[in-house]
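Structure data (compact mmCIF, C-alpha atoms) from run-v9.txt:
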# COMPACT_ATOMS: atom_id res chain seq x y z
CA MET A 1 213.38 108.69 59.29
CA TYR A 2 216.57 108.67 61.33
CA ALA A 3 218.60 111.75 62.26
CA THR A 4 221.40 112.67 59.86
CA THR A 5 223.44 114.31 62.62
CA ASP A 6 225.18 112.75 65.61
CA GLU A 7 224.64 115.75 67.86
CA PRO A 8 221.39 115.67 69.86
CA THR A 9 219.07 118.56 69.13
CA VAL A 10 219.00 121.51 71.52
CA SER A 11 215.26 122.08 71.79
CA SER A 12 215.52 125.86 72.22
CA SER A 13 217.42 126.14 68.92
CA VAL A 14 214.61 124.71 66.77
CA THR A 15 212.76 127.04 64.39
CA PRO A 16 210.03 126.53 61.77
CA ASP A 17 212.84 126.21 59.20
CA THR A 18 214.64 123.38 60.98
CA PRO A 19 214.44 120.28 58.69
CA LEU A 20 212.97 117.17 60.24
CA SER A 21 216.01 115.25 59.01
CA GLU A 22 218.23 117.36 61.28
CA LEU A 23 216.32 116.51 64.45
CA ASN A 24 218.24 114.12 66.66
CA LEU A 25 215.91 113.27 69.52
CA ASN A 26 218.13 110.57 71.05
CA TRP A 27 219.12 112.45 74.19
CA HIS A 28 221.31 110.73 76.76
CA GLU A 29 221.84 111.72 80.37
CA ARG A 30 224.90 113.80 79.53
CA ASP A 31 222.92 115.69 76.90
CA LEU A 32 219.81 116.23 78.96
CA PRO A 33 220.36 115.76 82.71
CA GLU A 34 217.47 115.03 85.02
CA LYS A 35 217.46 118.56 86.42
CA LEU A 36 216.49 119.88 82.97
CA ARG A 37 214.00 117.10 82.17
CA THR A 38 212.13 117.68 85.43
CA ARG A 39 212.47 121.44 85.85
CA HIS A 40 209.93 123.49 87.84
CA VAL A 41 206.37 122.06 87.83
CA HIS A 42 207.21 119.09 85.61
CA ARG A 43 208.15 117.28 88.81
CA LEU A 44 205.33 118.27 91.07
CA HIS A 45 204.29 114.61 91.19
CA PRO A 46 205.72 111.33 89.83
CA TYR A 47 203.93 110.00 86.78
CA LEU A 48 204.64 106.92 84.67
CA GLY A 49 204.33 107.17 80.93
CA LYS A 50 205.02 110.86 80.37
CA TYR A 51 207.31 112.22 77.69
CA ILE A 52 210.03 114.77 78.37
CA PRO A 53 209.27 118.49 77.94
CA GLN A 54 212.18 119.02 75.52
CA LEU A 55 210.54 116.67 73.02
CA VAL A 56 207.35 118.73 73.14
CA GLU A 57 209.31 121.97 72.87
CA VAL A 58 210.97 120.84 69.63
CA PHE A 59 207.64 120.43 67.85
CA LEU A 60 205.98 123.46 69.41
CA ARG A 61 208.82 125.61 68.10
CA LYS A 62 208.73 124.02 64.66
CA TYR A 63 205.00 123.97 64.01
CA PHE A 64 203.29 126.46 66.34
CA SER A 65 203.44 130.22 66.97
CA PRO A 66 202.47 132.30 70.02
CA GLY A 67 198.74 132.88 70.06
CA GLN A 68 197.89 129.64 68.29
CA THR A 69 196.20 126.73 70.08
CA VAL A 70 197.53 123.20 70.54
CA LEU A 71 195.43 120.24 71.64
CA ASP A 72 196.57 117.29 73.73
CA PRO A 73 193.67 114.80 73.78
CA PHE A 74 195.64 112.53 76.17
CA SER A 75 197.06 115.27 78.37
CA GLY A 76 198.23 113.02 81.21
CA SER A 77 200.45 114.93 83.62
CA GLY A 78 200.18 118.10 81.52
CA THR A 79 203.60 118.22 79.84
CA THR A 80 202.27 119.60 76.55
CA LEU A 81 200.13 122.17 78.37
CA VAL A 82 203.01 123.47 80.49
CA GLN A 83 205.44 123.69 77.57
CA ALA A 84 202.88 125.42 75.36
CA ASN A 85 202.30 128.02 78.03
CA GLU A 86 206.03 128.70 78.33
CA LEU A 87 206.11 129.51 74.61
CA GLY A 88 202.94 131.60 74.56
CA VAL A 89 200.85 128.93 72.80
CA ASN A 90 197.31 128.39 74.07
CA ALA A 91 196.59 124.80 75.10
CA ILE A 92 193.61 122.50 75.59
CA GLY A 93 193.95 119.16 77.32
CA TYR A 94 191.54 116.25 77.75
CA ASP A 95 191.98 113.25 80.01
CA VAL A 96 189.62 110.56 81.24
CA SER A 97 191.55 110.30 84.53
CA ALA A 98 190.36 112.65 87.28
CA PHE A 99 193.80 112.56 88.88
CA ASN A 100 195.50 113.54 85.62
CA ALA A 101 193.12 116.47 85.19
CA LEU A 102 193.81 117.54 88.78
CA LEU A 103 197.58 117.30 88.33
CA ALA A 104 197.58 119.27 85.07
CA THR A 105 195.36 121.93 86.66
CA ALA A 106 197.66 122.24 89.67
CA LYS A 107 200.68 122.63 87.39
CA THR A 108 199.22 125.27 85.09
CA LYS A 109 197.07 127.37 87.42
CA HIS A 110 198.08 131.04 87.61
CA TYR A 111 198.81 131.46 91.33
CA ASP A 112 199.16 134.47 93.56
CA LEU A 113 202.52 133.31 94.90
CA LYS A 114 202.20 135.09 98.21
CA ILE A 115 198.83 133.52 98.94
CA VAL A 116 199.70 130.02 97.76
CA ARG A 117 202.91 130.01 99.80
CA GLN A 118 200.97 131.14 102.88
CA GLU A 119 198.33 128.45 102.39
CA ILE A 120 200.85 125.63 101.83
CA LEU A 121 202.71 126.50 105.03
CA ASP A 122 199.54 127.14 107.02
CA ILE A 123 197.92 123.78 106.28
CA LEU A 124 201.21 122.04 107.01
CA ASN A 125 201.33 123.66 110.44
CA ALA A 126 197.66 122.99 111.10
CA SER A 127 197.92 119.31 110.19
CA GLN A 128 200.93 118.93 112.49
CA GLN A 129 199.01 120.42 115.39
CA VAL A 130 196.15 117.98 114.81
CA THR A 131 198.26 114.82 114.60
CA GLN A 132 201.66 115.26 116.21
CA THR A 133 200.76 115.53 119.89
CA SER A 134 202.09 112.69 122.01
CA SER A 135 198.60 111.55 123.04
CA LEU A 136 197.74 110.79 119.42
CA GLN A 137 200.86 108.88 118.40
CA LEU A 138 200.16 105.31 117.30
CA SER A 139 202.45 102.34 117.05
CA LEU A 140 202.65 100.65 113.67
CA TRP A 141 200.36 97.70 114.37
CA SER A 142 198.41 98.79 117.46
CA ALA A 143 195.40 99.99 115.51
CA THR A 144 193.64 100.18 112.20
CA GLY A 145 191.99 103.22 110.72
CA ASN A 146 191.62 105.76 113.52
CA GLY A 147 193.25 103.51 116.10
CA ASN A 148 192.52 104.73 119.61
CA GLY A 149 189.44 106.68 118.60
CA HIS A 150 191.13 110.03 118.07
CA GLY A 151 191.63 111.87 114.81
CA PRO A 152 190.21 111.31 111.33
CA VAL A 153 188.66 108.03 110.25
CA SER A 154 188.88 106.29 106.88
CA SER A 155 186.40 103.70 105.66
CA SER A 156 188.72 102.73 102.81
CA GLY A 157 190.11 99.25 103.15
CA TYR A 158 192.81 100.17 100.65
CA LEU A 159 194.09 103.02 102.82
CA GLN A 160 194.03 100.95 106.00
CA ARG A 161 195.98 98.19 104.24
CA TRP A 162 198.65 100.34 102.59
CA PHE A 163 199.40 102.88 105.34
CA ALA A 164 200.59 102.55 108.91
CA PRO A 165 198.04 103.98 111.37
CA GLN A 166 199.98 107.15 112.20
CA ALA A 167 200.80 107.87 108.56
CA LEU A 168 197.14 107.44 107.59
CA LYS A 169 195.98 109.70 110.39
CA GLU A 170 198.39 112.43 109.27
CA LEU A 171 197.28 112.15 105.65
CA LEU A 172 193.57 112.21 106.52
CA ALA A 173 194.03 115.20 108.82
CA TYR A 174 195.72 117.13 106.01
CA ARG A 175 193.00 116.08 103.55
CA ASP A 176 190.19 117.25 105.81
CA LEU A 177 191.80 120.68 106.20
CA ILE A 178 192.07 121.31 102.44
CA GLN A 179 188.48 122.55 102.21
CA ASN A 180 189.49 125.63 104.24
CA TYR A 181 191.84 126.98 101.54
CA ARG A 182 191.57 128.69 98.17
CA ASN A 183 194.26 126.79 96.23
CA GLN A 184 192.90 123.31 96.83
CA GLU A 185 194.33 121.71 93.66
CA ILE A 186 197.96 122.21 94.66
CA LEU A 187 197.29 121.08 98.24
CA LYS A 188 195.73 117.88 96.93
CA ILE A 189 198.82 117.22 94.81
CA ILE A 190 201.11 117.72 97.82
CA LEU A 191 198.93 115.28 99.74
CA SER A 192 198.99 112.72 96.93
CA ARG A 193 202.74 112.97 96.45
CA SER A 194 203.24 112.48 100.18
CA ALA A 195 200.89 109.50 100.24
CA ARG A 196 202.81 107.86 97.42
CA SER A 197 206.00 108.02 99.49
CA ALA A 198 204.34 107.10 102.78
CA ARG A 199 202.85 103.80 101.58
CA LEU A 200 203.94 100.55 103.16
CA THR A 201 206.17 99.57 100.28
CA THR A 202 209.87 99.14 99.67
CA HIS A 203 211.87 102.23 98.74
CA PHE A 204 212.94 100.68 95.45
CA ASP A 205 209.45 99.73 94.28
CA LEU A 206 207.33 102.88 94.49
CA ASP A 207 206.22 102.47 90.88
CA PHE A 208 204.76 98.96 91.05
CA PRO A 209 204.22 97.84 94.67
CA LYS A 210 202.58 94.44 94.86
CA ALA A 211 201.85 94.02 98.57
CA PRO A 212 202.28 96.09 101.74
CA GLN A 213 205.73 95.77 103.30
CA THR A 214 205.36 95.32 107.06
CA GLU A 215 208.77 93.94 108.03
CA PRO A 216 212.37 95.18 107.71
CA TYR A 217 213.79 94.42 104.25
CA TRP A 218 216.98 94.56 102.24
CA CYS A 219 216.79 97.76 100.18
CA TYR A 220 218.36 97.64 96.71
CA LYS A 221 218.13 101.44 96.50
CA HIS A 222 220.09 102.14 99.68
CA SER A 223 222.14 98.92 99.91
CA ARG A 224 221.11 98.32 103.50
CA THR A 225 218.26 97.02 105.63
CA CYS A 226 215.38 99.51 105.69
CA MET A 227 212.20 99.76 107.72
CA PRO A 228 208.70 100.37 106.33
CA THR A 229 207.47 103.93 106.59
CA THR A 230 205.22 104.59 109.58
CA THR A 231 204.60 108.35 109.34
CA ALA A 232 203.74 110.85 106.61
CA TYR A 233 204.42 114.28 108.07
CA GLN A 234 208.05 114.33 106.93
CA PHE A 235 206.88 113.89 103.35
CA LEU A 236 204.20 116.54 103.69
CA LYS A 237 206.82 118.99 104.91
CA HIS A 238 209.43 118.12 102.29
CA TYR A 239 207.03 118.23 99.35
CA SER A 240 205.42 121.44 100.62
CA LEU A 241 208.74 123.27 100.47
CA ASP A 242 209.66 121.66 97.15
CA THR A 243 206.30 122.63 95.65
CA ILE A 244 206.68 126.27 96.68
CA ALA A 245 210.09 126.42 95.01
CA ARG A 246 208.77 124.82 91.80
CA LEU A 247 205.76 127.12 91.55
CA GLU A 248 208.00 130.13 92.02
CA GLU A 249 210.40 128.89 89.33
CA PHE A 250 207.60 128.31 86.83
CA ALA A 251 206.08 131.72 87.60
CA GLY A 252 209.21 133.30 86.14
CA GLN A 253 208.79 131.40 82.85
CA ARG A 254 205.04 131.14 82.28
CA THR A 255 203.10 133.42 79.93
CA ASP A 256 199.54 134.67 79.76
CA ALA A 257 198.61 132.00 77.19
CA THR A 258 195.42 130.20 78.18
CA VAL A 259 195.28 126.62 79.43
CA ILE A 260 191.99 124.70 79.43
CA ILE A 261 191.81 121.24 81.03
CA LYS A 262 188.82 118.94 80.60
CA HIS A 263 188.14 115.77 82.58
CA GLU A 264 186.48 114.09 79.61
CA ASP A 265 186.85 111.20 77.20
CA SER A 266 188.32 112.80 74.06
CA ARG A 267 186.49 110.22 71.91
CA LEU A 268 183.25 111.97 72.87
CA ALA A 269 184.40 115.54 73.41
CA ASP A 270 183.15 118.59 71.52
CA ILE A 271 186.60 120.01 70.75
CA PRO A 272 186.81 123.80 70.14
CA PRO A 273 188.87 125.27 67.26
CA ILE A 274 192.56 124.32 67.39
CA ASP A 275 195.62 124.72 65.16
CA GLY A 276 197.14 121.30 65.74
CA VAL A 277 197.90 118.42 68.09
CA ILE A 278 200.89 117.30 70.14
CA THR A 279 200.24 114.19 72.21
CA SER A 280 201.48 110.83 73.45
CA PRO A 281 198.57 108.38 73.58
CA PRO A 282 198.53 105.48 76.04
CA TYR A 283 200.34 102.40 74.74
CA VAL A 284 198.26 99.31 74.24
CA GLY A 285 198.29 96.90 77.20
CA LEU A 286 201.01 98.73 79.15
CA ILE A 287 199.71 100.93 82.00
CA ASP A 288 196.51 101.14 84.04
CA TYR A 289 196.50 104.88 84.57
CA HIS A 290 193.87 104.95 87.30
CA GLU A 291 195.51 102.15 89.24
CA GLN A 292 198.88 103.92 89.03
CA HIS A 293 197.49 106.58 91.41
CA ARG A 294 195.06 104.43 93.38
CA TYR A 295 196.20 106.01 96.66
CA ALA A 296 195.12 109.44 95.32
CA TYR A 297 191.72 108.16 94.19
CA GLU A 298 191.10 106.66 97.63
CA LEU A 299 192.37 109.64 99.63
CA LEU A 300 190.74 112.35 97.53
CA ARG A 301 187.65 110.32 96.63
CA LEU A 302 188.09 111.05 92.94
CA GLN A 303 185.70 109.83 90.28
CA ASP A 304 186.90 106.55 88.76
CA LYS A 305 186.49 106.26 84.99
CA SER A 306 188.98 103.44 84.55
CA GLU A 307 186.57 101.50 82.32
CA SER A 308 186.98 104.27 79.74
CA GLU A 309 190.78 104.01 79.58
CA ILE A 310 192.15 103.29 76.10
CA GLY A 311 194.75 100.52 75.94
CA ALA A 312 194.59 99.66 79.64
CA ALA A 313 197.03 97.00 80.82
CA LYS A 314 194.22 94.96 82.37
CA ARG A 315 192.77 94.39 78.89
CA GLY A 316 196.04 93.02 77.55
CA SER A 317 197.47 93.34 74.05
CA SER A 318 195.65 90.57 72.17
CA GLN A 319 194.63 91.00 68.55
CA LYS A 320 191.17 92.03 69.72
CA ALA A 321 192.63 94.55 72.17
CA GLN A 322 194.83 95.98 69.42
CA ARG A 323 191.90 96.44 67.05
CA THR A 324 189.85 98.14 69.74
CA TYR A 325 192.82 100.36 70.52
CA GLN A 326 193.22 101.38 66.86
CA GLU A 327 189.54 102.26 66.52
CA SER A 328 189.55 104.28 69.75
CA ILE A 329 192.71 106.25 68.97
CA ALA A 330 191.50 106.93 65.42
CA GLU A 331 188.19 108.26 66.74
CA VAL A 332 190.07 110.74 68.92
CA PHE A 333 192.13 112.01 66.00
CA ARG A 334 189.08 112.24 63.75
CA ARG A 335 187.51 114.55 66.30
CA ALA A 336 190.73 116.56 66.56
CA CYS A 337 190.92 116.92 62.77
CA GLY A 338 187.35 118.16 62.73
CA ALA A 339 188.42 121.07 64.95
CA MET A 340 191.51 122.15 62.95
CA PRO A 341 192.01 123.76 59.54
CA ALA A 342 193.32 121.93 56.49
CA GLY A 343 197.08 121.57 56.73
CA GLY A 344 196.97 121.37 60.53
CA ILE A 345 199.75 119.30 62.08
CA LEU A 346 199.42 116.29 64.38
CA ILE A 347 202.50 115.14 66.33
CA VAL A 348 201.91 111.73 67.89
CA VAL A 349 204.58 110.10 70.08
CA ALA A 350 204.05 106.37 70.54
CA GLY A 351 205.85 103.12 71.13
CA ASP A 352 204.48 101.22 68.15
CA LYS A 353 205.95 97.76 68.67
CA PHE A 354 202.77 96.15 67.29
CA GLY A 355 202.79 98.32 64.15
CA LEU A 356 199.33 99.78 64.80
CA TYR A 357 199.77 103.36 63.67
CA ASP A 358 199.77 102.92 59.90
CA GLU A 359 196.20 101.70 60.20
CA ILE A 360 195.32 104.43 62.71
CA ALA A 361 196.55 107.05 60.21
CA ARG A 362 194.39 105.48 57.52
CA LEU A 363 191.33 105.31 59.77
CA CYS A 364 191.50 108.98 60.72
CA GLY A 365 192.33 110.13 57.19
CA VAL A 366 195.57 112.02 57.76
CA GLU A 367 198.56 112.40 55.48
CA VAL A 368 201.80 110.93 56.81
CA GLU A 369 204.52 113.55 56.45
CA ALA A 370 207.23 111.66 58.36
CA VAL A 371 207.94 109.08 61.04
CA LEU A 372 210.93 109.87 63.22
CA LYS A 373 212.58 107.10 65.25
CA ARG A 374 213.71 107.91 68.77
CA HIS A 375 215.94 105.90 71.11
CA VAL A 376 214.83 106.30 74.72
CA ASN A 377 216.64 105.63 77.98
CA ARG A 378 214.40 104.69 80.87
CA ARG A 379 215.68 106.41 83.98
CA THR A 380 212.96 105.94 86.62
CA GLY A 381 212.84 103.42 89.45
CA ARG A 382 214.26 100.01 88.58
CA ARG A 383 213.16 100.26 84.94
CA SER A 384 216.61 100.78 83.46
CA SER A 385 215.99 99.12 80.10
CA GLU A 386 216.05 101.03 76.82
CA PHE A 387 213.31 101.15 74.22
CA TYR A 388 212.36 102.86 70.99
CA GLU A 389 209.42 105.04 70.15
CA SER A 390 208.17 106.73 67.01
CA VAL A 391 207.22 110.34 66.43
CA PHE A 392 204.48 110.42 63.80
CA VAL A 393 204.17 113.69 61.90
CA TRP A 394 200.74 113.82 60.27
CA ARG A 395 198.78 116.52 58.49
CA LYS A 396 195.10 117.05 57.96
CA PRO A 397 194.48 117.08 54.18
Have the structure of the file written as structure tokens, please.
Amino acid sequence: MYATTDEPTVSSSVTPDTPLSELNLNWHERDLPEKLRTRHVHRLHPYLGKYIPQLVEVFLRKYFSPGQTVLDPFSGSGTTLVQANELGVNAIGYDVSAFNALLATAKTKHYDLKIVRQEILDILNASQQVTQTSSLQLSLWSATGNGNGHGPVSSSGYLQRWFAPQALKELLAYRDLIQNYRNQEILKIILSRSARSARLTTHFDLDFPKAPQTEPYWCYKHSRTCMPTTTAYQFLKHYSLDTIARLEEFAGQRTDATVIIKHEDSRLADIPPIDGVITSPPYVGLIDYHEQHRYAYELLRLQDKSESEIGAAKRGSSQKAQRTYQESIAEVFRRACGAMPAGGILIVVAGDKFGLYDEIARLCGVEVEAVLKRHVNRRTGRRSSEFYESVFVWRKP
């Protein structure tokens, strides 16, 4: 189904009576600027493979009411959970990635703003005192790990390879202070976001760095010669202030609707009663979700369940991989259907270039109400190409 109108849909205008044929989900930059796509906590941390909140809002407004419960069995960065809360809809999210569960928790937690602001600023000051004295400064290549014997030590070869000594020392000092605070989830996200920026990589390749950058380089992003990053404190400070502002903005829009986040494989989960599903499953053979945030796994010593990822890039997109993907996705939706009443809605957003979802619908026994086509502009990093994705509207019989 393609939209019958040329005007892109304004998500806040959608009601249960809005016909699917009137939905134009082909937003361009002029229709939906970045500031709106990444408002408040939606940009607490970069994340590849997430859908925009306005897309979720459209289907929440059409198919769900305040007080109902929506499930996202592939909750990722928590977009569905955040948007559901804004509209008073209870939400349950599952994700096999420990980092994803942490990020979604940090975004949706109900904070005491005075306390969380105090803690964010206090740990920032404390970490500076530990690492910024002149006697502890390290040159870029004079040491590995803890360098001259002062400050925190890391046994991770990954961290020693991807961070300059001073940057690593600053990140480890911040990490080791987190245990002293109440709101540890949000502090871990600030640390992870800072680590992502402080890696020894080029400014234009933060998404897919291939090897540490240790020499000056021509920067396509800034159109000049840039130097590799040697410190992390500037990022810790910048993202601390940005995080405070985003939490305060979201606090003015959130509701008392519940949010439950489970670090579990949704193929095996015992899902509680729900009214429907809104989700964007991983695409087959496209992204390794654990590897995307490897720096966070190493810094925070998170549990690695990468072998349980569905459709991981490392397994490719062969015929065998596609069949395994179909069976796994169908098992998730069978479990979801078992937790919802007859007539419950499932909204599934997927790039189906291999044509896998007709069979997935058959395997999980849903009725296909519609398939909406959506033209997407990639706007992150150097990935400027366009692509198409489908929005599958299914119902439980």
> Ser390 of chain A: which residues within 6 Å, counting all atoms listed in the file, same-chain residues fewer than 6 positions away excluded, as a PyMOL selection string?
Replying inline: chain A and resi 349-351+372-374
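For segment 173-187 of chain A, the non-local neighbours within 9 Å, defined as residues at least 5 positions apart in the same chain or in other chains and counting all atoms listed in the file, are Leu102, Leu103, Thr105, Ala106, Lys107, Lys109, Tyr111, Ile115, Val116, Glu119, Ile120, Ile123, Leu124, Ala126, Ser127, Gln128, Val130, Thr131, Gly151, Pro152, Leu168, Ser192, Leu236, Ser240, Thr243, Leu299 and Leu300 of chain A.
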> How many Å lie between atom CA of Ser266 of chain A and atom CA of Tyr283 of chain A, rounded to one decimal?
Replying inline: 15.9 Å
> At what distance in Å, to one decimal, does atom CA of Ala98 of chain A lie from atom CA of Leu346 of chain A?
Replying inline: 24.9 Å
> Using all atoms listed in the file, which residues sit within 7 Å of Ile278 of chain A once same-chain residues fewer than 2 positions away are excluded, as a ChimeraX atom specification?
Replying inline: /A:70-72,80,346-348
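Going from atom CA of Leu159 of chain A over to atom CA of Thr38 of chain A, you cover 29.0 Å.
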> Around (197.5, 97.6, 80.9) in the file's frame, which residues reach within 10 Å when counting all atoms listed in the file? Return as a PyMOL selection string?
Replying inline: chain A and resi 282-289+291+309-317
> With all atoms listed in the file as the atoms that count, which of A:Arg30, A:Lys237, A:Arg246, A:His263 lies nearest to Leu113 of chain A?
Replying inline: A:Arg246
> Between A:Ala336, A:Ala195, A:Val259, A:Val371, which one has atoms that come closest to Val89 of chain A, using all atoms listed in the file?
Replying inline: A:Val259
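Taking all atoms listed in the file into account, Glu307 of chain A lies nearest to A:His290 out of the set A:Lys320, A:Arg193, A:His203, A:His290.
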> Given the choices A:Phe74, A:Phe250, A:Trp218, A:Phe163, which gets closest to Gly49 of chain A if the distance is worked out from only C-alpha atoms?
Replying inline: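 Checking each of A:Phe74, A:Phe250, A:Trp218, A:Phe163 against Gly49 of chain A, counting only C-alpha atoms, the winner is A:Phe74.
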